[in-house]
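K.L.:
Got a structure here, written out as structure tokens. Questions coming.
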Amino acid sequence: MFLHGTPWSSVLWRPIALALARRFTVYLWDMPGYGSSSKDPSHAVDLGVQGELFAALLESWELDQAHIVAHDFGGAVALRARLLHGATFASLCLVDVVALAPWGSPFFKLVQNHAQVFEQLPSAVHRGAVESYISGASYKDLRASELQMLVEPWLDEEGQPAFYRQIAQADERFTTEIETWLGSITEPVKIVWGTEDAWIPVDRAHRLKDLIPHASVALIPEAGHLIQLDAPAALSVELTNWLAAVSSGNSASVAVAPIAE
């Protein structure tokens with residue numbers, strides 16, 4: 001089961017998921033507020049809600065011992081589902097995750113304080129802001145097609161306010177709340193990090209290791225926060241080896257399930 005972060009969606013994981021589907025059963029989903037899921041302004045999209053919904057999704061799909069691979073704030077979602085909402089995992093792989101404070105770029109914090117103003121930006125200005133923000137997550141220059149893939153969901157009349165709304169609802173309290181519980185995780189844990197991550201520096205990988213002592217750590221050089229695009233081959237090798245070591249899965253299917261609410 002792959003979890004995306006913000007402002008991404010399941011499309012960021014799709015190429016790696018398709019490759020792994022040759023050996024494993026792989027599930028992708030779009031969290032509420034992202035990708036193909038609902039962007040209804042009345043639907044909360046904060047990390048507290050996302051953690052509850054992910055635990056409910058696992059129960060609905062009867063995946064009580066799934067292997068979880070989480071990126072960015074998907075890490076916080078997975079950890080909250082596991083530590084607060086009764087989800088059980090066979091293993092957990094944390095890839096450049098939001099899990100420990102402080103987190104959030106200066107732009108992120110500016111938007112949090114002025115989300116309603118940003119929602120009203122002219123579309124061309126908004127597009128430039130989103131493109132610049134997303135480009136900064138990559139250590140290498142994104143190809144035009146990659147940037148378009150990541151920016152596109154946020155450009156229409158529904159997407160623009162949704163982009164700023166999900167930032168406005170982010171809050172470090174959702175990770176601080178579970179930090180002291182991380183040592184209670186007993187299933188196998190792997191931490192993967194891009195050494196050039198400018199959004200969430202690599203020191204977080206070592207801090208997580210200190211809090212989850214049995215976890216293993218793999219650092220991928222010349223990769224930023226968008227490690228899926230900066231170093232896809234190296235990341236695929238790490239995930240393939242990890243999943244082979246912790247599971248016996250060998251089926252080959254992919255289930256893609258946007259969650260509407």
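By order in the structure tokens, chains are A, B, ...; within a chain, residues start at 1; ligands start at 1, following the order shown.
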Hey, which bits of segment 46-161 of chain A sit within 10 Å of segment 190-211 of chain A, and for each residue what's the closest pair of atoms and how far apart in Å (one decimal), counting only C-alpha atoms, rows by chain and increasing number, as a Markdown table?
P.N.:
```
| residue | atom | partner | partner_atom | distance |
| --- | --- | --- | --- | --- |
| A:Val69 | CA | A:Lys190 | CA | 9.2 |
| A:Ala70 | CA | A:Ile191 | CA | 9.9 |
| A:His71 | CA | A:Val192 | CA | 9.4 |
| A:Asp72 | CA | A:Ile200 | CA | 8.6 |
| A:Ser91 | CA | A:Lys190 | CA | 8.3 |
| A:Leu92 | CA | A:Lys190 | CA | 6.4 |
| A:Cys93 | CA | A:Lys190 | CA | 4.7 |
| A:Leu94 | CA | A:Ile191 | CA | 4.8 |
| A:Val95 | CA | A:Val192 | CA | 4.7 |
| A:Asp96 | CA | A:Trp193 | CA | 5.0 |
| A:Val97 | CA | A:Ile200 | CA | 7.6 |
| A:Val98 | CA | A:Ile200 | CA | 7.4 |
| A:Ala99 | CA | A:Leu208 | CA | 8.1 |
| A:Leu100 | CA | A:Arg204 | CA | 7.1 |
| A:Ala101 | CA | A:Arg204 | CA | 9.1 |
| A:Pro102 | CA | A:Ile200 | CA | 9.0 |
| A:Trp103 | CA | A:Ile200 | CA | 6.9 |
| A:Gly104 | CA | A:Trp199 | CA | 7.4 |
| A:Ser105 | CA | A:Trp199 | CA | 6.7 |
| A:Gly136 | CA | A:Ala198 | CA | 7.6 |
| A:Ala137 | CA | A:Trp199 | CA | 6.3 |
| A:Ser138 | CA | A:Asp197 | CA | 7.7 |
| A:Tyr139 | CA | A:Glu196 | CA | 6.4 |
| A:Lys140 | CA | A:Glu196 | CA | 9.7 |
```
K.L.:
Would you mind reading off the distance between atom CA of Glu119 of chain A and atom CA of Pro161 of chain A, one decimal, in Å?
P.N.:
4.8 Å
K.L.:
Can you tell me, as a ChimeraX atom specification, which residues in segment 28-242 of chain A count as alpha helix (DSSP H) by DSSP?
P.N.:
/A:47-60,73-84,106-113,115-119,123-135,144-151,159-168,173-179,203-211,227-230,232-242
K.L.:
Expressed in Å to a single decimal, how great is the separation between atom CA of Gly74 of chain A and atom CA of Thr186 of chain A?
P.N.:
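For atom CA of Gly74 of chain A relative to atom CA of Thr186 of chain A, the distance reads 19.2 Å.
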K.L.:
So, with only C-alpha atoms as the atoms that count, which of A:Ala233, A:Val151, A:Val49, A:Ala170 lies closest to Ala81 of chain A?
P.N.:
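For Ala81 of chain A, the nearest of the candidates is A:Val49.
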K.L.:
Give me the residues within 7 Å of Leu182 of chain A as a ChimeraX atom specification, counting only C-alpha atoms and dropping any in the same chain fewer than 3 places off.
P.N.:
/A:178-179,185,211-212
K.L.:
Could you jot down the atom CA of Glu59 of chain A to atom CA of Phe174 of chain A separation for me, Å, one decimal place?
P.N.:
21.9 Å
K.L.:
List every residue of segment 11-167 of chain A that DSSP, applied to the backbone, labels as strand (DSSP E or B), and write the result as a list in words.
P.N.:
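Answer for segment 11-167 of chain A, restricted to strand (DSSP E or B): Thr25, Val26, Tyr27, Leu28, Trp29, Asp30, Ala66, His67, Ile68, Val69, Ala70, His71, Asp72, Phe89, Ala90, Ser91, Leu92, Cys93, Leu94, Val95, Asp96 and Val97 of chain A.
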K.L.:
Could the residues in this selection be saved with N, CA and C atoms as a compact mmCIF listing (two decimals), in the first residue's frame?
P.N.:
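result-v6.txt, freshly written:
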```txt
# COMPACT_ATOMS: atom_id res chain seq x y z
N THR A 25 1.18 -7.58 -4.86
CA THR A 25 -0.10 -6.91 -5.03
C THR A 25 0.03 -5.50 -4.47
N VAL A 26 -0.26 -4.50 -5.29
CA VAL A 26 0.01 -3.11 -4.93
C VAL A 26 -1.29 -2.31 -4.94
N TYR A 27 -1.48 -1.50 -3.92
CA TYR A 27 -2.65 -0.64 -3.82
C TYR A 27 -2.22 0.82 -3.82
N LEU A 28 -2.90 1.61 -4.64
CA LEU A 28 -2.71 3.06 -4.68
C LEU A 28 -4.03 3.73 -4.31
N TRP A 29 -3.94 4.91 -3.71
CA TRP A 29 -5.16 5.67 -3.46
C TRP A 29 -4.83 7.14 -3.36
N ASP A 30 -5.81 7.97 -3.68
CA ASP A 30 -5.70 9.42 -3.52
C ASP A 30 -6.42 9.82 -2.24
N ALA A 66 -0.96 -5.18 5.93
CA ALA A 66 -0.37 -4.67 4.69
C ALA A 66 1.05 -4.16 4.94
N HIS A 67 1.84 -4.17 3.88
CA HIS A 67 3.15 -3.53 3.90
C HIS A 67 2.95 -2.09 3.41
N ILE A 68 3.31 -1.13 4.24
CA ILE A 68 3.01 0.27 3.97
C ILE A 68 4.28 0.99 3.52
N VAL A 69 4.17 1.71 2.40
CA VAL A 69 5.25 2.57 1.92
C VAL A 69 4.69 3.99 1.87
N ALA A 70 5.25 4.89 2.65
CA ALA A 70 4.69 6.23 2.80
C ALA A 70 5.72 7.29 2.50
N HIS A 71 5.28 8.33 1.80
CA HIS A 71 6.13 9.46 1.45
C HIS A 71 5.53 10.75 2.00
N ASP A 72 6.42 11.69 2.39
CA ASP A 72 6.00 13.02 2.79
C ASP A 72 4.96 12.89 3.93
N PHE A 89 0.11 -3.12 10.69
CA PHE A 89 0.93 -3.22 9.49
C PHE A 89 1.84 -4.44 9.58
N ALA A 90 2.13 -5.01 8.42
CA ALA A 90 3.15 -6.05 8.38
C ALA A 90 4.54 -5.44 8.41
N SER A 91 4.68 -4.28 7.77
CA SER A 91 5.94 -3.54 7.79
C SER A 91 5.64 -2.10 7.41
N LEU A 92 6.62 -1.24 7.62
CA LEU A 92 6.44 0.18 7.34
C LEU A 92 7.73 0.74 6.76
N CYS A 93 7.61 1.34 5.59
CA CYS A 93 8.75 1.99 4.94
C CYS A 93 8.45 3.49 4.85
N LEU A 94 9.30 4.30 5.45
CA LEU A 94 9.10 5.75 5.55
C LEU A 94 10.08 6.44 4.62
N VAL A 95 9.56 7.09 3.59
CA VAL A 95 10.39 7.69 2.55
C VAL A 95 10.28 9.22 2.62
N ASP A 96 11.34 9.88 3.09
CA ASP A 96 11.34 11.35 3.19
C ASP A 96 10.02 11.85 3.78
N VAL A 97 9.72 11.41 4.99
CA VAL A 97 8.39 11.62 5.54
C VAL A 97 8.30 12.85 6.45
```
K.L.:
Let me make sure I understand: among A:Leu79, A:Met31, A:Ala234, A:Leu110, which one has the smallest atom-to-atom distance to Thr6 of chain A if we use only C-alpha atoms?
P.N.:
A:Met31
K.L.:
Would you pick out the contacts of Ala129 of chain A at 10 Å or less, using only C-alpha atoms, so that residues sharing its chain but fewer than 6 positions from it are not included, and give the list as a PyMOL selection string?
P.N.:
chain A and resi 107+118+121+123+135
K.L.:
Find the residue from A:Asp141, A:Asp64, A:Glu177, A:Glu131 that sits nearest to Leu229 of chain A; use only C-alpha atoms when measuring.
P.N.:
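Comparing A:Asp141, A:Asp64, A:Glu177, A:Glu131 against Leu229 of chain A, the winner is A:Asp141.
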K.L.:
Could you check the closest approach to Gln120 of chain A for each of A:His214, A:Arg165, A:Arg143, A:Arg82 and tell me which residue wins, using only C-alpha atoms?
P.N.:
A:Arg165
K.L.:
Rank nothing, just name the residue among A:Met1, A:Leu53, A:Ile227, A:Ala168 nearest to Ala17 of chain A, using only C-alpha atoms.
P.N.:
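When distances to Ala17 of chain A are compared using only C-alpha atoms, the smallest one comes from A:Met1.
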K.L.:
Find the residues near Gly35 of chain A: any atom within 9 Å, counting only C-alpha atoms, skip ones fewer than 4 places away on the same chain, and give them as a VMD selection string.
P.N.:
chain A and resid 8 to 11 29 to 31 39 153 to 154 258
K.L.:
Output the selection as a short mmCIF file (atom, residue, chain, number, x, y, z; two decimals), in the first residue's frame - C-alpha atoms for each residue.
P.N.:
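After the write, part-v7.cif holds the following:
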```cif
data_model
loop_
_atom_site.label_atom_id
_atom_site.label_comp_id
_atom_site.auth_asym_id
_atom_site.auth_seq_id
_atom_site.Cartn_x
_atom_site.Cartn_y
_atom_site.Cartn_z
CA TRP A 8 1.17 15.15 -4.65
CA SER A 9 -1.19 12.29 -5.42
CA SER A 10 -0.93 8.60 -6.24
CA VAL A 11 0.43 9.46 -9.71
CA TRP A 29 -5.16 5.67 -3.46
CA ASP A 30 -5.70 9.42 -3.52
CA MET A 31 -6.34 10.94 -0.13
CA LYS A 39 -11.87 18.61 -3.29
CA PRO A 153 -4.59 19.01 -10.31
CA TRP A 154 -4.24 22.42 -8.65
CA PRO A 258 -9.59 7.41 -5.55
#
```
K.L.:
Of the candidates A:Trp242, A:Tyr34, A:Phe2, A:Phe24, which one gets nearest to Ala162 of chain A if we count only C-alpha atoms?
P.N.:
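Residue with the minimum atom-to-atom distance to Ala162 of chain A: A:Tyr34.
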